[in-house]
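Heads up, run_34.cif below (mmCIF, N, CA and C atoms):
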data_structure
#
loop_
_atom_site.label_atom_id
_atom_site.label_comp_id
_atom_site.auth_asym_id
_atom_site.auth_seq_id
_atom_site.Cartn_x
_atom_site.Cartn_y
_atom_site.Cartn_z
N MET A 1400 -5.64 -23.20 2.46
CA MET A 1400 -5.06 -21.89 2.61
C MET A 1400 -6.01 -20.88 1.94
N ALA A 1401 -6.60 -20.01 2.73
CA ALA A 1401 -7.58 -19.06 2.21
C ALA A 1401 -6.92 -17.72 1.88
N GLN A 1402 -7.51 -17.04 0.92
CA GLN A 1402 -7.01 -15.72 0.57
C GLN A 1402 -7.50 -14.71 1.60
N VAL A 1403 -6.60 -13.81 1.99
CA VAL A 1403 -6.93 -12.76 2.95
C VAL A 1403 -6.93 -11.44 2.18
N GLU A 1404 -7.89 -10.57 2.49
CA GLU A 1404 -8.00 -9.29 1.79
C GLU A 1404 -8.24 -8.17 2.78
N ALA A 1405 -7.53 -7.05 2.55
CA ALA A 1405 -7.72 -5.83 3.35
C ALA A 1405 -7.92 -4.67 2.38
N THR A 1406 -8.99 -3.91 2.58
CA THR A 1406 -9.30 -2.77 1.71
C THR A 1406 -9.58 -1.54 2.55
N THR A 1407 -9.02 -0.43 2.12
CA THR A 1407 -9.23 0.87 2.79
C THR A 1407 -9.42 1.91 1.70
N GLU A 1408 -10.24 2.91 1.97
CA GLU A 1408 -10.39 3.99 0.98
C GLU A 1408 -10.56 5.32 1.67
N ARG A 1409 -10.30 6.38 0.89
CA ARG A 1409 -10.41 7.74 1.40
C ARG A 1409 -10.65 8.68 0.22
N VAL A 1410 -11.49 9.69 0.44
CA VAL A 1410 -11.67 10.76 -0.53
C VAL A 1410 -10.74 11.90 -0.13
N ILE A 1411 -9.97 12.37 -1.10
CA ILE A 1411 -8.96 13.40 -0.85
C ILE A 1411 -9.31 14.64 -1.67
N ALA A 1412 -9.17 15.79 -1.06
CA ALA A 1412 -9.51 17.07 -1.72
C ALA A 1412 -8.34 17.54 -2.58
N ALA A 1413 -8.04 16.74 -3.59
CA ALA A 1413 -7.02 17.08 -4.59
C ALA A 1413 -7.37 16.26 -5.83
N ASP A 1414 -6.99 16.77 -7.02
CA ASP A 1414 -7.38 16.06 -8.24
C ASP A 1414 -6.64 14.72 -8.34
N ALA A 1415 -7.24 13.80 -9.07
CA ALA A 1415 -6.74 12.42 -9.16
C ALA A 1415 -5.32 12.35 -9.70
N GLU A 1416 -4.99 13.19 -10.66
CA GLU A 1416 -3.64 13.15 -11.24
C GLU A 1416 -2.58 13.52 -10.19
N THR A 1417 -2.86 14.54 -9.39
CA THR A 1417 -1.92 14.95 -8.33
C THR A 1417 -1.73 13.84 -7.31
N VAL A 1418 -2.84 13.22 -6.91
CA VAL A 1418 -2.79 12.16 -5.91
C VAL A 1418 -2.05 10.94 -6.46
N PHE A 1419 -2.37 10.55 -7.69
CA PHE A 1419 -1.70 9.40 -8.30
C PHE A 1419 -0.20 9.65 -8.43
N ASP A 1420 0.17 10.84 -8.91
CA ASP A 1420 1.59 11.17 -9.07
C ASP A 1420 2.34 11.09 -7.75
N ALA A 1421 1.70 11.52 -6.65
CA ALA A 1421 2.34 11.44 -5.33
C ALA A 1421 2.55 9.98 -4.92
N LEU A 1422 1.54 9.14 -5.14
CA LEU A 1422 1.66 7.72 -4.80
C LEU A 1422 2.73 7.02 -5.63
N ALA A 1423 2.82 7.38 -6.92
CA ALA A 1423 3.74 6.72 -7.84
C ALA A 1423 5.18 7.21 -7.68
N ASP A 1424 5.39 8.29 -6.94
CA ASP A 1424 6.72 8.87 -6.75
C ASP A 1424 7.43 8.15 -5.59
N TYR A 1425 7.94 6.96 -5.88
CA TYR A 1425 8.57 6.13 -4.84
C TYR A 1425 9.89 6.71 -4.35
N SER A 1426 10.56 7.52 -5.17
CA SER A 1426 11.85 8.05 -4.76
C SER A 1426 11.73 9.38 -4.02
N GLY A 1427 10.60 10.06 -4.13
CA GLY A 1427 10.44 11.36 -3.48
C GLY A 1427 9.33 11.41 -2.47
N THR A 1428 8.08 11.36 -2.93
CA THR A 1428 6.94 11.56 -2.05
C THR A 1428 6.60 10.34 -1.20
N ARG A 1429 6.63 9.14 -1.79
CA ARG A 1429 6.13 7.95 -1.08
C ARG A 1429 6.79 7.75 0.29
N PRO A 1430 8.12 7.90 0.42
CA PRO A 1430 8.70 7.69 1.76
C PRO A 1430 8.14 8.65 2.81
N LYS A 1431 7.73 9.84 2.39
CA LYS A 1431 7.17 10.83 3.33
C LYS A 1431 5.78 10.42 3.82
N LEU A 1432 5.12 9.54 3.09
CA LEU A 1432 3.75 9.14 3.41
C LEU A 1432 3.68 7.97 4.39
N LEU A 1433 4.79 7.26 4.54
CA LEU A 1433 4.77 6.01 5.29
C LEU A 1433 4.72 6.24 6.80
N PRO A 1434 3.76 5.60 7.48
CA PRO A 1434 3.72 5.68 8.94
C PRO A 1434 4.83 4.85 9.57
N GLU A 1435 4.91 4.87 10.88
CA GLU A 1435 6.01 4.24 11.61
C GLU A 1435 6.09 2.72 11.43
N HIS A 1436 5.09 2.10 10.84
CA HIS A 1436 5.09 0.66 10.63
C HIS A 1436 6.07 0.22 9.54
N PHE A 1437 6.57 1.18 8.75
CA PHE A 1437 7.48 0.88 7.65
C PHE A 1437 8.90 1.26 8.05
N SER A 1438 9.87 0.40 7.68
CA SER A 1438 11.27 0.70 7.94
C SER A 1438 12.12 0.16 6.79
N GLU A 1439 13.39 0.53 6.79
CA GLU A 1439 14.37 0.07 5.79
C GLU A 1439 13.89 0.31 4.36
N TYR A 1440 13.24 1.45 4.13
CA TYR A 1440 12.71 1.80 2.82
C TYR A 1440 13.86 2.08 1.86
N GLU A 1441 13.79 1.47 0.67
CA GLU A 1441 14.86 1.66 -0.31
C GLU A 1441 14.34 1.41 -1.71
N VAL A 1442 14.53 2.37 -2.61
CA VAL A 1442 14.21 2.17 -4.02
C VAL A 1442 15.42 1.51 -4.67
N ARG A 1443 15.21 0.35 -5.26
CA ARG A 1443 16.32 -0.40 -5.85
C ARG A 1443 16.41 -0.25 -7.36
N GLU A 1444 15.28 0.02 -8.01
CA GLU A 1444 15.26 0.28 -9.45
C GLU A 1444 14.16 1.30 -9.71
N GLY A 1445 14.34 2.10 -10.75
CA GLY A 1445 13.31 3.07 -11.14
C GLY A 1445 13.09 4.10 -10.05
N GLY A 1446 11.84 4.30 -9.69
CA GLY A 1446 11.50 5.27 -8.66
C GLY A 1446 10.23 6.02 -8.94
N ASP A 1447 9.71 5.87 -10.19
CA ASP A 1447 8.47 6.56 -10.55
C ASP A 1447 7.55 5.58 -11.26
N GLY A 1448 6.63 4.99 -10.50
CA GLY A 1448 5.60 4.12 -11.08
C GLY A 1448 6.15 2.86 -11.73
N GLU A 1449 5.60 2.54 -12.91
CA GLU A 1449 5.93 1.33 -13.66
C GLU A 1449 7.43 1.08 -13.69
N GLY A 1450 7.83 -0.18 -13.36
CA GLY A 1450 9.23 -0.56 -13.41
C GLY A 1450 10.00 -0.32 -12.13
N THR A 1451 9.35 0.27 -11.13
CA THR A 1451 10.04 0.51 -9.86
C THR A 1451 10.16 -0.80 -9.09
N LEU A 1452 11.29 -0.97 -8.42
CA LEU A 1452 11.50 -2.06 -7.49
C LEU A 1452 11.85 -1.41 -6.16
N VAL A 1453 11.01 -1.64 -5.15
CA VAL A 1453 11.17 -0.96 -3.87
C VAL A 1453 11.14 -1.99 -2.73
N HIS A 1454 11.94 -1.72 -1.72
CA HIS A 1454 12.02 -2.61 -0.56
C HIS A 1454 11.59 -1.86 0.69
N TRP A 1455 10.90 -2.56 1.59
CA TRP A 1455 10.65 -2.06 2.93
C TRP A 1455 10.32 -3.21 3.85
N LYS A 1456 10.38 -2.94 5.13
CA LYS A 1456 9.90 -3.89 6.12
C LYS A 1456 8.63 -3.30 6.71
N LEU A 1457 7.61 -4.12 6.82
CA LEU A 1457 6.32 -3.70 7.35
C LEU A 1457 6.10 -4.41 8.68
N GLN A 1458 6.03 -3.62 9.74
CA GLN A 1458 5.81 -4.14 11.09
C GLN A 1458 4.30 -4.15 11.31
N ALA A 1459 3.66 -5.27 10.96
CA ALA A 1459 2.21 -5.37 11.04
C ALA A 1459 1.72 -5.44 12.48
N THR A 1460 2.44 -6.18 13.31
CA THR A 1460 2.12 -6.29 14.74
C THR A 1460 3.45 -6.26 15.49
N SER A 1461 3.39 -6.32 16.81
CA SER A 1461 4.63 -6.30 17.59
C SER A 1461 5.51 -7.51 17.27
N LYS A 1462 4.90 -8.61 16.82
CA LYS A 1462 5.67 -9.83 16.54
C LYS A 1462 5.81 -10.13 15.05
N ARG A 1463 5.05 -9.47 14.22
CA ARG A 1463 5.01 -9.82 12.79
C ARG A 1463 5.65 -8.73 11.94
N VAL A 1464 6.80 -9.04 11.35
CA VAL A 1464 7.47 -8.12 10.43
C VAL A 1464 7.56 -8.81 9.08
N ARG A 1465 7.07 -8.12 8.05
CA ARG A 1465 7.07 -8.67 6.70
C ARG A 1465 8.16 -7.94 5.91
N ASP A 1466 9.10 -8.70 5.34
CA ASP A 1466 10.17 -8.15 4.49
C ASP A 1466 9.64 -8.13 3.06
N CYS A 1467 9.41 -6.95 2.52
CA CYS A 1467 8.75 -6.80 1.23
C CYS A 1467 9.72 -6.29 0.16
N LEU A 1468 9.70 -6.92 -1.00
CA LEU A 1468 10.43 -6.47 -2.18
C LEU A 1468 9.41 -6.40 -3.30
N LEU A 1469 9.00 -5.19 -3.64
CA LEU A 1469 7.83 -4.99 -4.48
C LEU A 1469 8.17 -4.52 -5.89
N GLU A 1470 7.59 -5.22 -6.86
CA GLU A 1470 7.67 -4.81 -8.26
C GLU A 1470 6.41 -4.00 -8.56
N VAL A 1471 6.60 -2.81 -9.11
CA VAL A 1471 5.47 -1.92 -9.37
C VAL A 1471 5.10 -1.94 -10.86
N SER A 1472 3.81 -2.06 -11.12
CA SER A 1472 3.30 -1.95 -12.49
C SER A 1472 2.12 -0.99 -12.50
N GLU A 1473 1.78 -0.52 -13.70
CA GLU A 1473 0.62 0.36 -13.89
C GLU A 1473 -0.23 -0.25 -15.01
N PRO A 1474 -1.07 -1.24 -14.66
CA PRO A 1474 -1.85 -1.93 -15.69
C PRO A 1474 -2.88 -1.06 -16.39
N THR A 1475 -3.43 -0.07 -15.69
CA THR A 1475 -4.39 0.86 -16.30
C THR A 1475 -4.15 2.25 -15.72
N ASP A 1476 -4.72 3.27 -16.36
CA ASP A 1476 -4.59 4.63 -15.84
C ASP A 1476 -5.14 4.71 -14.43
N GLY A 1477 -4.41 5.37 -13.56
CA GLY A 1477 -4.87 5.56 -12.19
C GLY A 1477 -4.71 4.35 -11.30
N GLU A 1478 -3.93 3.37 -11.74
CA GLU A 1478 -3.78 2.14 -10.95
C GLU A 1478 -2.30 1.77 -10.81
N LEU A 1479 -1.89 1.54 -9.58
CA LEU A 1479 -0.55 1.02 -9.27
C LEU A 1479 -0.72 -0.35 -8.64
N VAL A 1480 0.07 -1.32 -9.10
CA VAL A 1480 0.03 -2.66 -8.50
C VAL A 1480 1.43 -2.97 -7.99
N GLU A 1481 1.51 -3.34 -6.71
CA GLU A 1481 2.76 -3.70 -6.06
C GLU A 1481 2.74 -5.19 -5.76
N LYS A 1482 3.58 -5.97 -6.45
CA LYS A 1482 3.65 -7.43 -6.24
C LYS A 1482 4.89 -7.74 -5.44
N ASP A 1483 4.71 -8.39 -4.31
CA ASP A 1483 5.81 -8.72 -3.42
C ASP A 1483 6.53 -9.97 -3.92
N ARG A 1484 7.82 -9.85 -4.21
CA ARG A 1484 8.61 -11.00 -4.64
C ARG A 1484 8.83 -12.00 -3.50
N ASN A 1485 8.69 -11.54 -2.25
CA ASN A 1485 8.96 -12.39 -1.09
C ASN A 1485 7.74 -13.11 -0.53
N SER A 1486 6.57 -12.87 -1.10
CA SER A 1486 5.34 -13.50 -0.59
C SER A 1486 4.28 -13.47 -1.69
N SER A 1487 3.08 -13.89 -1.32
CA SER A 1487 1.96 -13.87 -2.27
C SER A 1487 1.22 -12.53 -2.26
N MET A 1488 1.68 -11.56 -1.45
CA MET A 1488 0.95 -10.30 -1.29
C MET A 1488 0.99 -9.44 -2.56
N VAL A 1489 -0.18 -8.96 -2.94
CA VAL A 1489 -0.33 -8.02 -4.04
C VAL A 1489 -1.17 -6.85 -3.52
N THR A 1490 -0.65 -5.64 -3.66
CA THR A 1490 -1.37 -4.45 -3.22
C THR A 1490 -1.70 -3.60 -4.44
N THR A 1491 -2.97 -3.22 -4.57
CA THR A 1491 -3.43 -2.42 -5.70
C THR A 1491 -3.95 -1.08 -5.18
N TRP A 1492 -3.44 -0.02 -5.76
CA TRP A 1492 -3.87 1.35 -5.45
C TRP A 1492 -4.66 1.85 -6.65
N ARG A 1493 -5.90 2.29 -6.42
CA ARG A 1493 -6.72 2.86 -7.50
C ARG A 1493 -7.09 4.29 -7.13
N VAL A 1494 -6.79 5.21 -8.03
CA VAL A 1494 -7.11 6.62 -7.81
C VAL A 1494 -8.08 7.03 -8.92
N THR A 1495 -9.28 7.49 -8.52
CA THR A 1495 -10.29 7.90 -9.49
C THR A 1495 -10.85 9.27 -9.10
N PRO A 1496 -11.30 10.05 -10.08
CA PRO A 1496 -11.93 11.34 -9.76
C PRO A 1496 -13.18 11.12 -8.90
N ALA A 1497 -13.42 12.05 -7.98
CA ALA A 1497 -14.58 11.96 -7.09
C ALA A 1497 -15.24 13.33 -6.98
N GLY A 1498 -15.48 13.95 -8.13
CA GLY A 1498 -16.06 15.29 -8.14
C GLY A 1498 -14.99 16.34 -8.36
N GLU A 1499 -15.41 17.57 -8.43
CA GLU A 1499 -14.52 18.70 -8.72
C GLU A 1499 -13.37 18.80 -7.71
N GLY A 1500 -12.14 18.62 -8.21
CA GLY A 1500 -10.95 18.78 -7.37
C GLY A 1500 -10.82 17.75 -6.26
N ARG A 1501 -11.49 16.60 -6.42
CA ARG A 1501 -11.44 15.55 -5.39
C ARG A 1501 -11.13 14.21 -6.06
N SER A 1502 -10.57 13.31 -5.28
CA SER A 1502 -10.29 11.98 -5.79
C SER A 1502 -10.55 10.94 -4.72
N ARG A 1503 -10.84 9.74 -5.16
CA ARG A 1503 -11.04 8.61 -4.25
C ARG A 1503 -9.85 7.67 -4.43
N VAL A 1504 -9.24 7.30 -3.32
CA VAL A 1504 -8.14 6.34 -3.34
C VAL A 1504 -8.61 5.08 -2.63
N VAL A 1505 -8.51 3.96 -3.33
CA VAL A 1505 -8.85 2.66 -2.75
C VAL A 1505 -7.59 1.80 -2.80
N VAL A 1506 -7.19 1.28 -1.65
CA VAL A 1506 -6.02 0.40 -1.58
C VAL A 1506 -6.50 -0.97 -1.09
N THR A 1507 -6.11 -2.00 -1.83
CA THR A 1507 -6.50 -3.37 -1.50
C THR A 1507 -5.27 -4.26 -1.52
N SER A 1508 -5.06 -5.00 -0.45
CA SER A 1508 -4.00 -6.00 -0.40
C SER A 1508 -4.63 -7.38 -0.27
N VAL A 1509 -4.13 -8.32 -1.05
CA VAL A 1509 -4.57 -9.71 -0.96
C VAL A 1509 -3.34 -10.60 -0.85
N TRP A 1510 -3.48 -11.68 -0.10
CA TRP A 1510 -2.40 -12.66 0.02
C TRP A 1510 -2.98 -13.99 0.46
N ASN A 1511 -2.19 -15.05 0.29
CA ASN A 1511 -2.59 -16.38 0.72
C ASN A 1511 -2.31 -16.51 2.21
N GLY A 1512 -3.35 -16.70 2.98
CA GLY A 1512 -3.23 -16.80 4.42
C GLY A 1512 -2.80 -18.18 4.88
N ALA A 1513 -2.44 -18.25 6.13
CA ALA A 1513 -2.04 -19.53 6.74
C ALA A 1513 -3.26 -20.43 6.90
N GLY A 1514 -3.01 -21.71 7.11
CA GLY A 1514 -4.09 -22.64 7.37
C GLY A 1514 -4.31 -22.79 8.87
N GLY A 1515 -5.30 -23.59 9.23
CA GLY A 1515 -5.54 -23.92 10.64
C GLY A 1515 -5.96 -22.75 11.49
N ILE A 1516 -5.69 -22.87 12.79
CA ILE A 1516 -6.11 -21.85 13.74
C ILE A 1516 -5.36 -20.54 13.51
N GLY A 1517 -4.09 -20.63 13.13
CA GLY A 1517 -3.33 -19.41 12.81
C GLY A 1517 -3.96 -18.65 11.66
N GLY A 1518 -4.42 -19.40 10.67
CA GLY A 1518 -5.08 -18.78 9.52
C GLY A 1518 -6.39 -18.12 9.91
N PHE A 1519 -7.11 -18.74 10.84
CA PHE A 1519 -8.35 -18.13 11.33
C PHE A 1519 -8.06 -16.76 11.94
N PHE A 1520 -7.05 -16.70 12.81
CA PHE A 1520 -6.71 -15.43 13.45
C PHE A 1520 -6.19 -14.41 12.43
N GLU A 1521 -5.42 -14.90 11.45
CA GLU A 1521 -4.92 -14.00 10.41
C GLU A 1521 -6.08 -13.40 9.61
N ARG A 1522 -7.02 -14.23 9.20
CA ARG A 1522 -8.17 -13.73 8.43
C ARG A 1522 -9.04 -12.80 9.25
N THR A 1523 -9.08 -13.02 10.56
CA THR A 1523 -9.91 -12.21 11.44
C THR A 1523 -9.26 -10.86 11.75
N PHE A 1524 -7.97 -10.86 12.06
CA PHE A 1524 -7.33 -9.65 12.59
C PHE A 1524 -6.43 -8.90 11.61
N ALA A 1525 -5.79 -9.60 10.68
CA ALA A 1525 -4.84 -8.94 9.78
C ALA A 1525 -5.49 -7.83 8.93
N PRO A 1526 -6.69 -8.05 8.36
CA PRO A 1526 -7.30 -6.97 7.56
C PRO A 1526 -7.54 -5.70 8.38
N LYS A 1527 -7.95 -5.84 9.64
CA LYS A 1527 -8.18 -4.65 10.48
C LYS A 1527 -6.87 -3.93 10.77
N GLY A 1528 -5.83 -4.69 11.08
CA GLY A 1528 -4.53 -4.09 11.38
C GLY A 1528 -3.94 -3.39 10.17
N LEU A 1529 -4.00 -4.06 9.02
CA LEU A 1529 -3.48 -3.45 7.81
C LEU A 1529 -4.33 -2.25 7.41
N GLY A 1530 -5.63 -2.32 7.66
CA GLY A 1530 -6.51 -1.19 7.39
C GLY A 1530 -6.10 0.05 8.19
N ARG A 1531 -5.73 -0.14 9.45
CA ARG A 1531 -5.27 1.00 10.27
C ARG A 1531 -3.98 1.59 9.73
N ILE A 1532 -3.07 0.72 9.27
CA ILE A 1532 -1.81 1.21 8.69
C ILE A 1532 -2.09 2.02 7.43
N TYR A 1533 -2.97 1.50 6.55
CA TYR A 1533 -3.31 2.21 5.33
C TYR A 1533 -4.09 3.49 5.61
N ASP A 1534 -4.93 3.50 6.65
CA ASP A 1534 -5.61 4.74 7.04
C ASP A 1534 -4.59 5.83 7.35
N ALA A 1535 -3.55 5.47 8.09
CA ALA A 1535 -2.51 6.44 8.44
C ALA A 1535 -1.78 6.92 7.19
N LEU A 1536 -1.47 5.99 6.27
CA LEU A 1536 -0.78 6.36 5.04
C LEU A 1536 -1.66 7.28 4.20
N LEU A 1537 -2.95 6.97 4.09
CA LEU A 1537 -3.86 7.82 3.30
C LEU A 1537 -4.06 9.19 3.93
N ALA A 1538 -4.04 9.26 5.26
CA ALA A 1538 -4.11 10.57 5.94
C ALA A 1538 -2.87 11.39 5.59
N ASN A 1539 -1.70 10.76 5.56
CA ASN A 1539 -0.48 11.44 5.18
C ASN A 1539 -0.51 11.88 3.71
N LEU A 1540 -1.10 11.03 2.86
CA LEU A 1540 -1.25 11.37 1.43
C LEU A 1540 -2.15 12.60 1.30
N ALA A 1541 -3.25 12.62 2.03
CA ALA A 1541 -4.15 13.78 1.99
C ALA A 1541 -3.42 15.05 2.45
N ALA A 1542 -2.67 14.94 3.54
CA ALA A 1542 -1.95 16.11 4.06
C ALA A 1542 -0.92 16.61 3.03
N GLN A 1543 -0.32 15.68 2.30
CA GLN A 1543 0.72 16.03 1.31
C GLN A 1543 0.12 16.67 0.06
N THR A 1544 -1.08 16.23 -0.36
CA THR A 1544 -1.63 16.67 -1.64
C THR A 1544 -2.70 17.73 -1.53
N GLU A 1545 -3.32 17.88 -0.37
CA GLU A 1545 -4.39 18.89 -0.19
C GLU A 1545 -3.76 20.23 0.17
N LYS A 1546 -3.04 20.81 -0.79
CA LYS A 1546 -2.35 22.09 -0.49
C LYS A 1546 -2.89 23.19 -1.39
#

Write out the structure in this file as structure tokens.
Amino acid sequence: MAQVEATTERVIAADAETVFDALADYSGTRPKLLPEHFSEYEVREGGDGEGTLVHWKLQATSKRVRDCLLEVSEPTDGELVEKDRNSSMVTTWRVTPAGEGRSRVVVTSVWNGAGGIGGFFERTFAPKGLGRIYDALLANLAAQTEK
């Protein structure tokens, strides 16, 4: 069983603190950022960064829906880690300054992939598909924070 990784990044014309605060606001801003691939969004505990427990369904493909229950932590400044209680998936959001009034957001998801031929296809196609979903989310984040 091989580890699968998907990484996407974007430079946003807003300071890192503003961008991080928008990402960490699970009860207010985050639902507005989610593209159509996400459904049944619900904050179950907390709602702002560390200590948040959030649920959603992620429709990765027409046949693949992942039921996610995520525990949020902030191990370092500018970093959110979402650990899925229902799978091996861990998503890390890193927001760093990228020059005057700009920030770089890097999102990386890793999980234990399937074995065999199914695992081959998962390792080949899942990172690209998840990358497109995160591109849409980051575009929405830019639209929300570049004001």

For this structure, which residues satisfy the selection - the PyMOL selection byres ((chain A and resi 1456) around 8) - when it is evaluated on the file as given? I want them as an NGL selection string. :A and (1436-1441 or 1453-1455 or 1457-1459 or 1464-1468)

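Minimum distance to Ser1486 in chain A across A:Val1442, A:Asn1511, A:Glu1404, A:Gly1498 (counting all atoms listed in the file) occurs at A:Asn1511.
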
Which of range 1429-1539 of chain A DSSP labels strand (DSSP E or B), written as a VMD selection string: chain A and resid 1437 to 1444 1447 1452 to 1458 1464 to 1472 1478 to 1483 1489 to 1496 1502 to 1511

Tell me, as a PyMOL selection string, which residues lie within 7 Å of Ala1497 in chain A, counting only N, CA and C atoms; anything in the same chain fewer than 5 positions away does not count. chain A and resi 1415+1502-1503

Test item: residues at most 8 Å from Leu1529 in chain A, only N, CA and C atoms, excluding those fewer than 6 positions along its chain, as an mmCIF file with N, CA and C atoms, in the coordinates of the input:
data_model
loop_
_atom_site.group_PDB
_atom_site.id
_atom_site.type_symbol
_atom_site.label_atom_id
_atom_site.label_comp_id
_atom_site.auth_asym_id
_atom_site.auth_seq_id
_atom_site.Cartn_x
_atom_site.Cartn_y
_atom_site.Cartn_z
ATOM 1 N N ALA A 1405 -7.530 -7.050 2.550
ATOM 2 C CA ALA A 1405 -7.720 -5.830 3.350
ATOM 3 C C ALA A 1405 -7.920 -4.670 2.380
ATOM 4 N N THR A 1406 -8.990 -3.910 2.580
ATOM 5 C CA THR A 1406 -9.300 -2.770 1.710
ATOM 6 C C THR A 1406 -9.580 -1.540 2.550
ATOM 7 N N THR A 1407 -9.020 -0.430 2.120
ATOM 8 C CA THR A 1407 -9.230 0.870 2.790
ATOM 9 C C THR A 1407 -9.420 1.910 1.700
ATOM 10 N N ALA A 1459 3.660 -5.270 10.960
ATOM 11 C CA ALA A 1459 2.210 -5.370 11.040
ATOM 12 C C ALA A 1459 1.720 -5.440 12.480
ATOM 13 N N ALA A 1535 -3.550 5.470 8.090
ATOM 14 C CA ALA A 1535 -2.510 6.440 8.440
ATOM 15 C C ALA A 1535 -1.780 6.920 7.190
#

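When only C-alpha atoms are used to measure the gap to Glu1416 in chain A, the shortest distance among A:Lys1462, A:Lys1527, A:Lys1431, A:Arg1501 belongs to A:Arg1501.
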
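Nearest to Val1489 in chain A of all the residues A:Tyr1425, A:Phe1520, A:Tyr1533, A:Trp1510 is A:Trp1510, based on all atoms listed in the file.
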
Can you list, as a compact mmCIF listing (two decimals) with N, CA and C atoms, in the frame of the given file, the residues that the PyMOL selection byres ((chain A and resi 1411) around 6) selects here?
# COMPACT_ATOMS: atom_id res chain seq x y z
N ARG A 1409 -10.30 6.38 0.89
CA ARG A 1409 -10.41 7.74 1.40
C ARG A 1409 -10.65 8.68 0.22
N VAL A 1410 -11.49 9.69 0.44
CA VAL A 1410 -11.67 10.76 -0.53
C VAL A 1410 -10.74 11.90 -0.13
N ALA A 1412 -9.17 15.79 -1.06
CA ALA A 1412 -9.51 17.07 -1.72
C ALA A 1412 -8.34 17.54 -2.58
N ALA A 1413 -8.04 16.74 -3.59
CA ALA A 1413 -7.02 17.08 -4.59
C ALA A 1413 -7.37 16.26 -5.83
N GLY A 1500 -12.14 18.62 -8.21
CA GLY A 1500 -10.95 18.78 -7.37
C GLY A 1500 -10.82 17.75 -6.26
N ARG A 1501 -11.49 16.60 -6.42
CA ARG A 1501 -11.44 15.55 -5.39
C ARG A 1501 -11.13 14.21 -6.06
N SER A 1502 -10.57 13.31 -5.28
CA SER A 1502 -10.29 11.98 -5.79
C SER A 1502 -10.55 10.94 -4.72
N ARG A 1503 -10.84 9.74 -5.16
CA ARG A 1503 -11.04 8.61 -4.25
C ARG A 1503 -9.85 7.67 -4.43
N VAL A 1504 -9.24 7.30 -3.32
CA VAL A 1504 -8.14 6.34 -3.34
C VAL A 1504 -8.61 5.08 -2.63
N ALA A 1541 -3.25 12.62 2.03
CA ALA A 1541 -4.15 13.78 1.99
C ALA A 1541 -3.42 15.05 2.45

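The residue set within 12 Å of Thr1451 in chain A, counting only C-alpha atoms and dropping same-chain residues fewer than 3 places from it, reads Ala1423, Asp1424, Tyr1425, Ser1426, Glu1441, Val1442, Arg1443, Glu1444, Gly1445, Gly1446, Asp1447, Gly1448, His1454, Leu1468, Leu1469, Glu1470, Val1471, Ser1472, Glu1473, Leu1479, Val1480, Glu1481 and Lys1482 of chain A.
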
Considering only C-alpha atoms, can you say which of A:Ala1401, A:Ala1421, A:Leu1433, A:Val1506 comes closest to Thr1490 in chain A? A:Val1506

As a VMD selection string, please: all residues of range 1421-1542 of chain A that backbone DSSP puts in alpha helix (DSSP H). chain A and resid 1421 to 1423 1429 to 1432 1515 to 1542

Report the residues retrieved by the PyMOL selection byres (((chain A and resi 1402 and name CA) around 12) and name CA) from the displayed file, expressed as a ChimeraX atom specification. /A:1400-1401,1403-1405,1487-1489,1508-1514,1518-1519,1521-1523,1525-1526

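Within 9 Å of the point (-1.7, -2.7, 17.5) in file coordinates, and counting only C-alpha atoms, lie the residues Ala1459, Thr1460, Ser1461, Gly1528 and Arg1531 of chain A.
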
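The nearest approach to Leu1540 in chain A among the residues A:Asp1420, A:Leu1432, A:Gly1427, A:Val1494, with only N, CA and C atoms taken into account, belongs to A:Leu1432.
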